[in-house]
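Listing of structure39.pdb; format and content: PDB, C-alpha atoms and all ligand atoms.
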ATOM      1  CA  MET A  22      12.492  -1.302  -5.026
ATOM      2  CA  THR A  23       9.371  -0.224  -6.893
ATOM      3  CA  ASP A  24       8.183   3.305  -6.247
ATOM      4  CA  LEU A  25       5.194   2.729  -3.981
ATOM      5  CA  ARG A  26       4.237   6.386  -3.738
ATOM      6  CA  PRO A  27       1.290   6.221  -6.187
ATOM      7  CA  LEU A  28      -0.119   3.210  -4.339
ATOM      8  CA  LEU A  29       0.357   4.839  -0.935
ATOM      9  CA  LYS A  30      -1.282   8.042  -2.168
ATOM     10  CA  THR A  31      -4.326   6.012  -3.227
ATOM     11  CA  ILE A  32      -4.448   4.275   0.156
ATOM     12  CA  LEU A  33      -4.034   7.393   2.310
ATOM     13  CA  SER A  34      -6.320   9.509   0.089
ATOM     14  CA  ALA A  35      -9.203   7.157   0.822
ATOM     15  CA  LEU A  36      -8.942   8.288   4.449
ATOM     16  CA  VAL A  37      -7.904  11.950   4.392
ATOM     17  CA  GLY A  38      -8.367  13.101   0.791
ATOM     18  CA  PRO A  39      -5.941  15.313  -1.181
ATOM     19  CA  PRO A  40      -3.545  16.170   1.718
ATOM     20  CA  ALA A  41      -2.492  12.497   1.556
ATOM     21  CA  LEU A  42      -0.358  13.373  -1.499
ATOM     22  CA  GLY A  43       1.801  15.817   0.469
ATOM     23  CA  VAL A  44       1.994  13.467   3.440
ATOM     24  CA  VAL A  45       3.289  10.605   1.283
ATOM     25  CA  ASP A  46       5.798  12.872  -0.494
ATOM     26  CA  SER A  47       7.071  14.096   2.889
ATOM     27  CA  LEU A  48       7.351  10.710   4.572
ATOM     28  CA  TYR A  49       8.208   8.221   1.817
ATOM     29  CA  GLU A  50      11.469   6.372   2.538
ATOM     30  CA  LYS A  51      12.160   8.634   5.523
ATOM     31  CA  LYS A  52      11.900   8.201   9.260
ATOM     32  CA  ASN A  53      10.789  10.515  12.070
ATOM     33  CA  VAL A  54       9.961  13.548   9.907
ATOM     34  CA  ASN A  55       9.421  16.792  11.825
ATOM     35  CA  GLU A  56       5.751  17.796  11.611
ATOM     36  CA  PHE A  57       6.661  21.404  10.834
ATOM     37  CA  LEU A  58       8.281  20.208   7.597
ATOM     38  CA  ILE A  59       5.102  18.296   6.721
ATOM     39  CA  ALA A  60       2.926  21.340   7.516
ATOM     40  CA  LYS A  61       5.107  23.459   5.243
ATOM     41  CA  LYS A  62       4.762  20.906   2.428
ATOM     42  CA  LEU A  63       0.978  20.763   2.906
ATOM     43  CA  LYS A  64       0.743  24.569   3.217
ATOM     44  CA  LEU A  65      -1.443  24.031   6.291
ATOM     45  CA  THR A  66      -1.201  25.121   9.935
ATOM     46  CA  ILE A  67       0.443  22.783  12.406
ATOM     47  CA  ASN A  68      -2.952  21.948  13.965
ATOM     48  CA  GLN A  69      -4.557  21.137  10.619
ATOM     49  CA  THR A  70      -1.540  19.009   9.765
ATOM     50  CA  ARG A  71      -1.692  17.171  13.087
ATOM     51  CA  ASN A  72      -5.409  16.465  12.620
ATOM     52  CA  ILE A  73      -4.691  14.780   9.296
ATOM     53  CA  LEU A  74      -1.779  12.805  10.722
ATOM     54  CA  TYR A  75      -3.764  11.743  13.810
ATOM     55  CA  ARG A  76      -6.483  10.326  11.554
ATOM     56  CA  LEU A  77      -3.860   8.351   9.651
ATOM     57  CA  ALA A  78      -2.265   7.216  12.927
ATOM     58  CA  ASP A  79      -5.648   6.006  14.243
ATOM     59  CA  ALA A  80      -5.866   3.754  11.192
ATOM     60  CA  GLY A  81      -2.301   2.557  11.820
ATOM     61  CA  LEU A  82      -0.992   4.043   8.552
ATOM     62  CA  VAL A  83       1.564   6.354  10.215
ATOM     63  CA  SER A  84       3.291   6.354  13.603
ATOM     64  CA  PHE A  85       4.964   9.075  15.649
ATOM     65  CA  ILE A  86       7.414   9.801  18.398
ATOM     66  CA  ARG A  87       7.286  13.093  20.307
ATOM     67  CA  LYS A  88       9.953  15.177  21.903
ATOM     68  CA  LYS A  89       9.718  18.169  24.198
ATOM     69  CA  ASP A  90      11.097  21.196  22.421
ATOM     70  CA  ALA A  91      12.808  23.731  24.702
ATOM     71  CA  LYS A  92      12.756  26.292  21.869
ATOM     72  CA  LYS A  93       8.958  25.987  21.631
ATOM     73  CA  GLY A  94       8.358  26.654  25.307
ATOM     74  CA  GLY A  95       8.482  22.986  26.285
ATOM     75  CA  TRP A  96       5.708  21.989  23.869
ATOM     76  CA  TYR A  97       5.913  18.616  22.196
ATOM     77  CA  THR A  98       7.043  18.329  18.598
ATOM     78  CA  TYR A  99       5.894  15.195  16.772
ATOM     79  CA  PHE A 100       8.035  13.236  14.351
ATOM     80  CA  TRP A 101       6.174  11.050  11.881
ATOM     81  CA  THR A 102       6.940   7.816  10.035
ATOM     82  CA  LEU A 103       4.902   6.084   7.368
ATOM     83  CA  SER A 104       3.925   2.490   8.277
ATOM     84  CA  LEU A 105       4.537   1.004   4.849
ATOM     85  CA  SER A 106       3.535  -2.613   5.441
ATOM     86  CA  LYS A 107       0.540  -1.698   7.627
ATOM     87  CA  SER A 108      -0.748   0.753   5.000
ATOM     88  CA  ILE A 109      -0.486  -1.792   2.210
ATOM     89  CA  ALA A 110      -1.890  -4.573   4.415
ATOM     90  CA  SER A 111      -4.956  -2.493   5.322
ATOM     91  CA  TYR A 112      -5.518  -1.736   1.634
ATOM     92  CA  GLN A 113      -5.180  -5.450   0.869
ATOM     93  CA  THR A 114      -7.820  -6.208   3.520
ATOM     94  CA  SER A 115     -10.256  -3.694   2.017
ATOM     95  CA  LEU A 116      -9.683  -5.160  -1.471
ATOM     96  CA  ILE A 117     -10.373  -8.667  -0.162
ATOM     97  CA  THR A 118     -13.622  -7.396   1.404
ATOM     98  CA  GLN A 119     -14.604  -5.829  -1.940
ATOM     99  CA  GLN A 120     -13.753  -9.061  -3.737
ATOM    100  CA  THR A 121     -15.896 -11.146  -1.379
ATOM    101  CA  SER A 122     -18.832  -8.744  -1.661
ATOM    102  CA  LEU A 123     -18.682  -8.781  -5.472
ATOM    103  CA  GLN A 124     -18.452 -12.574  -5.546
ATOM    104  CA  GLU A 125     -21.508 -12.799  -3.300
ATOM    105  CA  GLN A 126     -23.436 -10.358  -5.478
ATOM    106  CA  ILE A 127     -22.556 -12.316  -8.610
ATOM    107  CA  HIS A 128     -23.583 -15.561  -6.942
ATOM    108  CA  SER A 129     -26.917 -14.111  -5.849
ATOM    109  CA  GLN A 130     -27.559 -12.637  -9.319
ATOM    110  CA  LYS A 131     -26.786 -15.987 -10.920
ATOM    111  CA  THR A 132     -28.865 -18.135  -8.577
ATOM    112  CA  GLY A 133     -31.742 -15.837  -7.552
ATOM    113  CA  ARG A 134     -34.722 -14.564  -9.498
ATOM    114  CA  PHE A 135     -35.281 -10.855  -9.865
ATOM    115  CA  TYR A 136     -38.293  -8.968 -11.117
ATOM    116  CA  THR A 137     -38.747  -5.681 -12.855
ATOM    117  CA  CYS A 138     -41.485  -3.374 -14.067
ATOM    118  CA  ALA A 139     -40.922  -2.501 -17.713
ATOM    119  CA  HIS A 140     -42.583   0.910 -17.235
ATOM    120  CA  CYS A 141     -41.041   2.162 -14.001
ATOM    121  CA  ALA A 142     -37.620   0.510 -14.168
ATOM    122  CA  VAL A 143     -38.221  -0.748 -10.613
ATOM    123  CA  HIS A 144     -36.124  -3.771  -9.633
ATOM    124  CA  LEU A 145     -37.276  -6.240  -6.987
ATOM    125  CA  THR A 146     -36.041  -9.432  -5.397
ATOM    126  CA  GLU A 147     -38.228 -12.523  -5.581
ATOM    127  CA  ASP A 148     -39.369 -12.022  -1.957
ATOM    128  CA  GLN A 149     -40.313  -8.397  -2.566
ATOM    129  CA  ALA A 150     -42.164  -9.330  -5.772
ATOM    130  CA  LEU A 151     -44.040 -12.120  -3.987
ATOM    131  CA  LEU A 152     -45.143  -9.690  -1.232
ATOM    132  CA  GLN A 153     -46.882  -7.511  -3.825
ATOM    133  CA  ASP A 154     -48.274 -10.436  -5.834
ATOM    134  CA  TYR A 155     -45.909  -9.820  -8.768
ATOM    135  CA  VAL A 156     -47.608  -6.512  -9.519
ATOM    136  CA  CYS A 157     -45.851  -3.138  -9.697
ATOM    137  CA  ALA A 158     -46.718  -0.969  -6.700
ATOM    138  CA  GLU A 159     -46.302   2.192  -8.789
ATOM    139  CA  CYS A 160     -48.348   1.473 -11.921
ATOM    140  CA  GLY A 161     -50.114  -1.867 -11.345
ATOM    141  CA  GLU A 162     -48.373  -3.524 -14.305
ATOM    142  CA  VAL A 163     -47.474  -7.205 -13.963
ATOM    143  CA  LEU A 164     -43.811  -7.649 -13.063
ATOM    144  CA  THR A 165     -41.563  -9.550 -15.435
ATOM    145  CA  LEU A 166     -38.554 -11.701 -14.714
ATOM    146  CA  ARG A 167     -35.436  -9.601 -15.014
ATOM    147  CA  ASP A 168     -32.579 -10.624 -17.295
ATOM    148  CA  THR A 169     -29.556 -10.294 -15.008
ATOM    149  CA  THR A 170     -26.957 -10.978 -17.711
ATOM    150  CA  PRO A 171     -25.840  -7.324 -18.059
ATOM    151  CA  VAL A 172     -25.781  -6.877 -14.271
ATOM    152  CA  ILE A 173     -23.611  -9.971 -13.897
ATOM    153  CA  ALA A 174     -21.305  -8.825 -16.711
ATOM    154  CA  GLU A 175     -20.867  -5.450 -15.003
ATOM    155  CA  LEU A 176     -20.139  -7.076 -11.618
ATOM    156  CA  GLU A 177     -17.671  -9.484 -13.186
ATOM    157  CA  LYS A 178     -15.839  -6.634 -14.886
ATOM    158  CA  GLU A 179     -15.542  -4.874 -11.549
ATOM    159  CA  LEU A 180     -14.421  -8.085  -9.844
ATOM    160  CA  ALA A 181     -11.653  -8.592 -12.426
ATOM    161  CA  LYS A 182     -10.431  -5.032 -11.765
ATOM    162  CA  VAL A 183     -10.401  -5.553  -7.987
ATOM    163  CA  GLN A 184      -8.581  -8.876  -8.370
ATOM    164  CA  ALA A 185      -5.919  -7.361 -10.644
ATOM    165  CA  THR A 186      -5.290  -4.602  -8.088
ATOM    166  CA  LEU A 187      -5.299  -7.152  -5.281
ATOM    167  CA  ASN A 188      -2.620  -9.243  -7.042
ATOM    168  CA  LYS A 189      -0.405  -6.195  -7.520
ATOM    169  CA  VAL A 190      -0.922  -5.033  -3.935
ATOM    170  CA  SER A 191      -0.219  -8.514  -2.523
ATOM    171  CA  ALA A 192       3.039  -8.702  -4.496
ATOM    172  CA  HIS A 193       4.078  -5.262  -3.148
ATOM    173  CA  LEU A 194       3.180  -6.329   0.372
ATOM    174  CA  ASP A 195       5.336  -9.462   0.038
ATOM    175  CA  THR A 196       8.306  -7.352  -1.093
ATOM    176  CA  VAL A 197       7.858  -4.872   1.749
ATOM    177  CA  GLN A 198       7.442  -7.635   4.334
ATOM    178  CA  VAL A 199      10.557  -9.447   3.089
ATOM    179  CA  ALA A 200      12.508  -6.179   3.373
ATOM    180  CA  ASP A 201      11.055  -5.547   6.865
ATOM    181  CA  GLU A 202      12.004  -9.085   7.908
ATOM    182  CA  LYS A 203      15.593  -8.544   6.709
ATOM    183  CA  VAL A 204      15.812  -5.363   8.787
ATOM    184  CA  ARG A 205      14.352  -7.216  11.781
ATOM    185  CA  GLN A 206      16.824 -10.088  11.422
ATOM    186  CA  ARG A 207      19.732  -7.647  11.111
ATOM    187  CA  LYS A 208      18.556  -5.928  14.286
ATOM    188  CA  ILE A 209      18.258  -9.250  16.136
ATOM    189  CA  LYS A 210      21.779 -10.237  15.042
ATOM    190  CA  ALA A 211      23.153  -6.841  16.086
ATOM    191  CA  ASP A 212      21.403  -7.201  19.470
ATOM    192  CA  VAL A 213      22.863 -10.680  19.945
ATOM    193  CA  ARG A 214      26.349  -9.395  19.094
ATOM    194  CA  LYS A 215      25.913  -6.452  21.460
ATOM    195  CA  LYS A 216      24.751  -8.692  24.309
ATOM    196  CA  ALA A 217      27.611 -11.161  23.716
ATOM    197  CA  LYS A 218      30.054  -8.264  23.858
ATOM    198  CA  GLU A 219      28.463  -6.989  27.077
ATOM    199  CA  ARG A 220      28.693 -10.470  28.593
ATOM    200  CA  ALA A 221      32.360 -10.766  27.549
ATOM    201  CA  VAL A 222      33.130  -7.417  29.190
ATOM    202  CA  LYS A 223      31.335  -8.505  32.376
ATOM    203  CA  ARG A 224      33.228 -11.826  32.349
ATOM    204  CA  ALA A 225      36.537 -10.017  31.988
ATOM    205  CA  ILE A 226      35.681  -7.699  34.873
ATOM    206  CA  ARG A 227      34.664 -10.649  37.068
ATOM    207  CA  ALA A 228      37.836 -12.579  36.165
ATOM    208  CA  LYS A 229      39.915  -9.558  37.094
ATOM    209  CA  GLU A 230      38.056  -9.231  40.397
ATOM    210  CA  ARG A 231      38.581 -12.932  41.143
ATOM    211  CA  LEU A 232      42.296 -12.610  40.436
ATOM    212  CA  LYS A 233      42.430  -9.656  42.782
ATOM    213  CA  GLU A 234      40.546 -11.614  45.468
ATOM    214  CA  LYS A 235      42.874 -14.605  45.010
ATOM    215  CA  GLY A 236      45.907 -12.380  45.407
ATOM    216  CA  LEU A 237      44.382 -10.782  48.465
ATOM    217  CA  LEU A 238      43.572 -14.194  49.961
ATOM    218  CA  LYS A 239      47.078 -15.460  49.278
ATOM    219  CA  ARG A 240      48.555 -12.437  50.950
ATOM    220  CA  MET A 241      46.171 -12.809  53.901
ATOM    221  CA  LYS A 242      47.090 -16.500  54.253
ATOM    222  CA  GLY A 243      50.733 -15.531  54.102
ATOM    223  CA  ASN A 244      50.194 -12.977  56.830
ATOM    224  CA  VAL A 245      48.342 -15.506  58.989
ATOM    225  CA  LYS A 246      51.188 -18.000  58.538
ATOM    226  CA  LYS A 247      53.734 -15.392  59.465
ATOM    227  CA  LEU A 248      51.811 -14.510  62.612
ATOM    228  CA  PHE A 249      50.768 -17.949  63.842
ATOM    229  CA  GLY A 250      52.836 -20.437  61.843
ATOM    230  CA  SER A 251      51.224 -23.158  59.646
ATOM    231  CA  SER A 252      47.987 -24.828  60.710
ATOM    232  CA  LYS A 253      49.876 -28.207  60.988
ATOM    233  CA  SER A 254      52.362 -26.904  63.490
ATOM    234  CA  LYS A 255      49.426 -25.386  65.304
ATOM    235  CA  LYS A 256      47.829 -28.847  65.728
ATOM    236  CA  LYS A 257      51.131 -30.370  66.944
ATOM    237  CA  ARG A 258      51.355 -27.789  69.636
TER     238      ARG A 258
HETATM  239 ZN    ZN B 301     -44.500   0.010 -12.784
END
Using structure tokens, write down the structure from this file.
Amino acid sequence: MTDLRPLLKTILSALVGPPALGVVDSLYEKKNVNEFLIAKKLKLTINQTRNILYRLADAGLVSFIRKKDAKKGGWYTYFWTLSLSKSIASYQTSLITQQTSLQEQIHSQKTGRFYTCAHCAVHLTEDQALLQDYVCAECGEVLTLRDTTPVIAELEKELAKVQATLNKVSAHLDTVQVADEKVRQRKIKADVRKKAKERAVKRAIRAKERLKEKGLLKRMKGNVKKLFGSSKSKKKR
């Protein structure tokens, strides 16, 4: 699979800054990594490391299990795992938000009228310009209609960049989710096999018990016959 480390570093950095690099390097393609190993990699204290990891956990980008450590006086040690699909999905969501915002800005720039003062480089919306009678509040110069072509060009350039990233990220997310689904299906199948095996064992035990009971019953009936004769002869008497 593609190396997703650069992407994950970008995603986690947005939340916790440079330590994200060490966190990704420590956790990528691993499971339940001891926090002391991560702290060593980050060259930070265990508390500083935990603070970073907690922030990532709050955002759902990492998860942990904890175990009581007898060697550390019964304190908990945390073991961390990167939530690959959740990290990429949250990044995808933020890119979609950016995309929508840029599209809205472009739409408003294309459809609205904007005013500017040639002297003060002040930019106003139509409503703002109307409120001050199309006169600059700073210098008293009459406002002119602003040519939004360069603004739109800039926004469109940015939008294209966001969309390119979004396409790449969505493709990665698909790959990760397909892999996750395979793991999930394998686990379900293994569970089904395990349960079937457990049921078979239980059935065998029950069958054995029934055989035992049957044997016991037979012997009891035999004993009853021996003592009192058959039930038919009993009726005749
Ligand atoms: Zn002005």
Which of A:Leu180, A:Ala91, A:Val156, A:Ala225 sits closest to ligand ZN 301 (chain B) [using all atoms listed in the file]: A:Val156
Grab me every residue within 10 Å of ligand ZN 301 (chain B), counting all atoms listed in the file, and send it over as a PyMOL selection string. chain A and resi 137-144+156-164
Using the chain letters and numbers from the file, which residues does the PyMOL selection byres (((chain A and resi 74-86) around 8) and not hetatm) grab, as a ChimeraX atom specification? /A:33,36-37,53,70-73,87-88,99-105,107-108
Rounded to one decimal in Å, what is the spacing between atom CA of Lys61 of chain A and atom CA of Val44 of chain A?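 Between atom CA of Lys61 of chain A and atom CA of Val44 of chain A the gap is 10.6 Å.
With atom CA of Ile117 of chain A on one side and atom CA of Lys189 of chain A on the other, the separation reads 12.6 Å.
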For atom CA of Lys210 of chain A and atom CA of Glu50 of chain A, quote the distance in Å rounded to one decimal.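 Interatomic distance, atom CA of Lys210 of chain A to atom CA of Glu50 of chain A: 23.2 Å.
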Got a sec to resolve the PyMOL selection byres (((chain A and resi 135) around 8) and not hetatm) on this structure and send the residues as a PyMOL selection string? chain A and resi 130+133-134+136-137+144-147+166-169
Surrounding residues of Asp195 of chain A excluding itself and chain neighbours under 5 positions, 12 Å, all atoms listed in the file, as a PyMOL selection string: chain A and resi 22+105-107+109-110+113+188-190+200-202
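With distances taken over all atoms listed in the file, A:Ile127 is the one residue among A:Ile127, A:Arg227, A:Thr66, A:Lys89 lying closest to Glu175 of chain A.
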Ile32 of chain A environment, 9 Å, all atoms listed in the file, sequence neighbours closer than 2 positions dropped, as a VMD selection string: chain A and resid 27 to 30 34 to 36 41 108 to 109 111 to 112
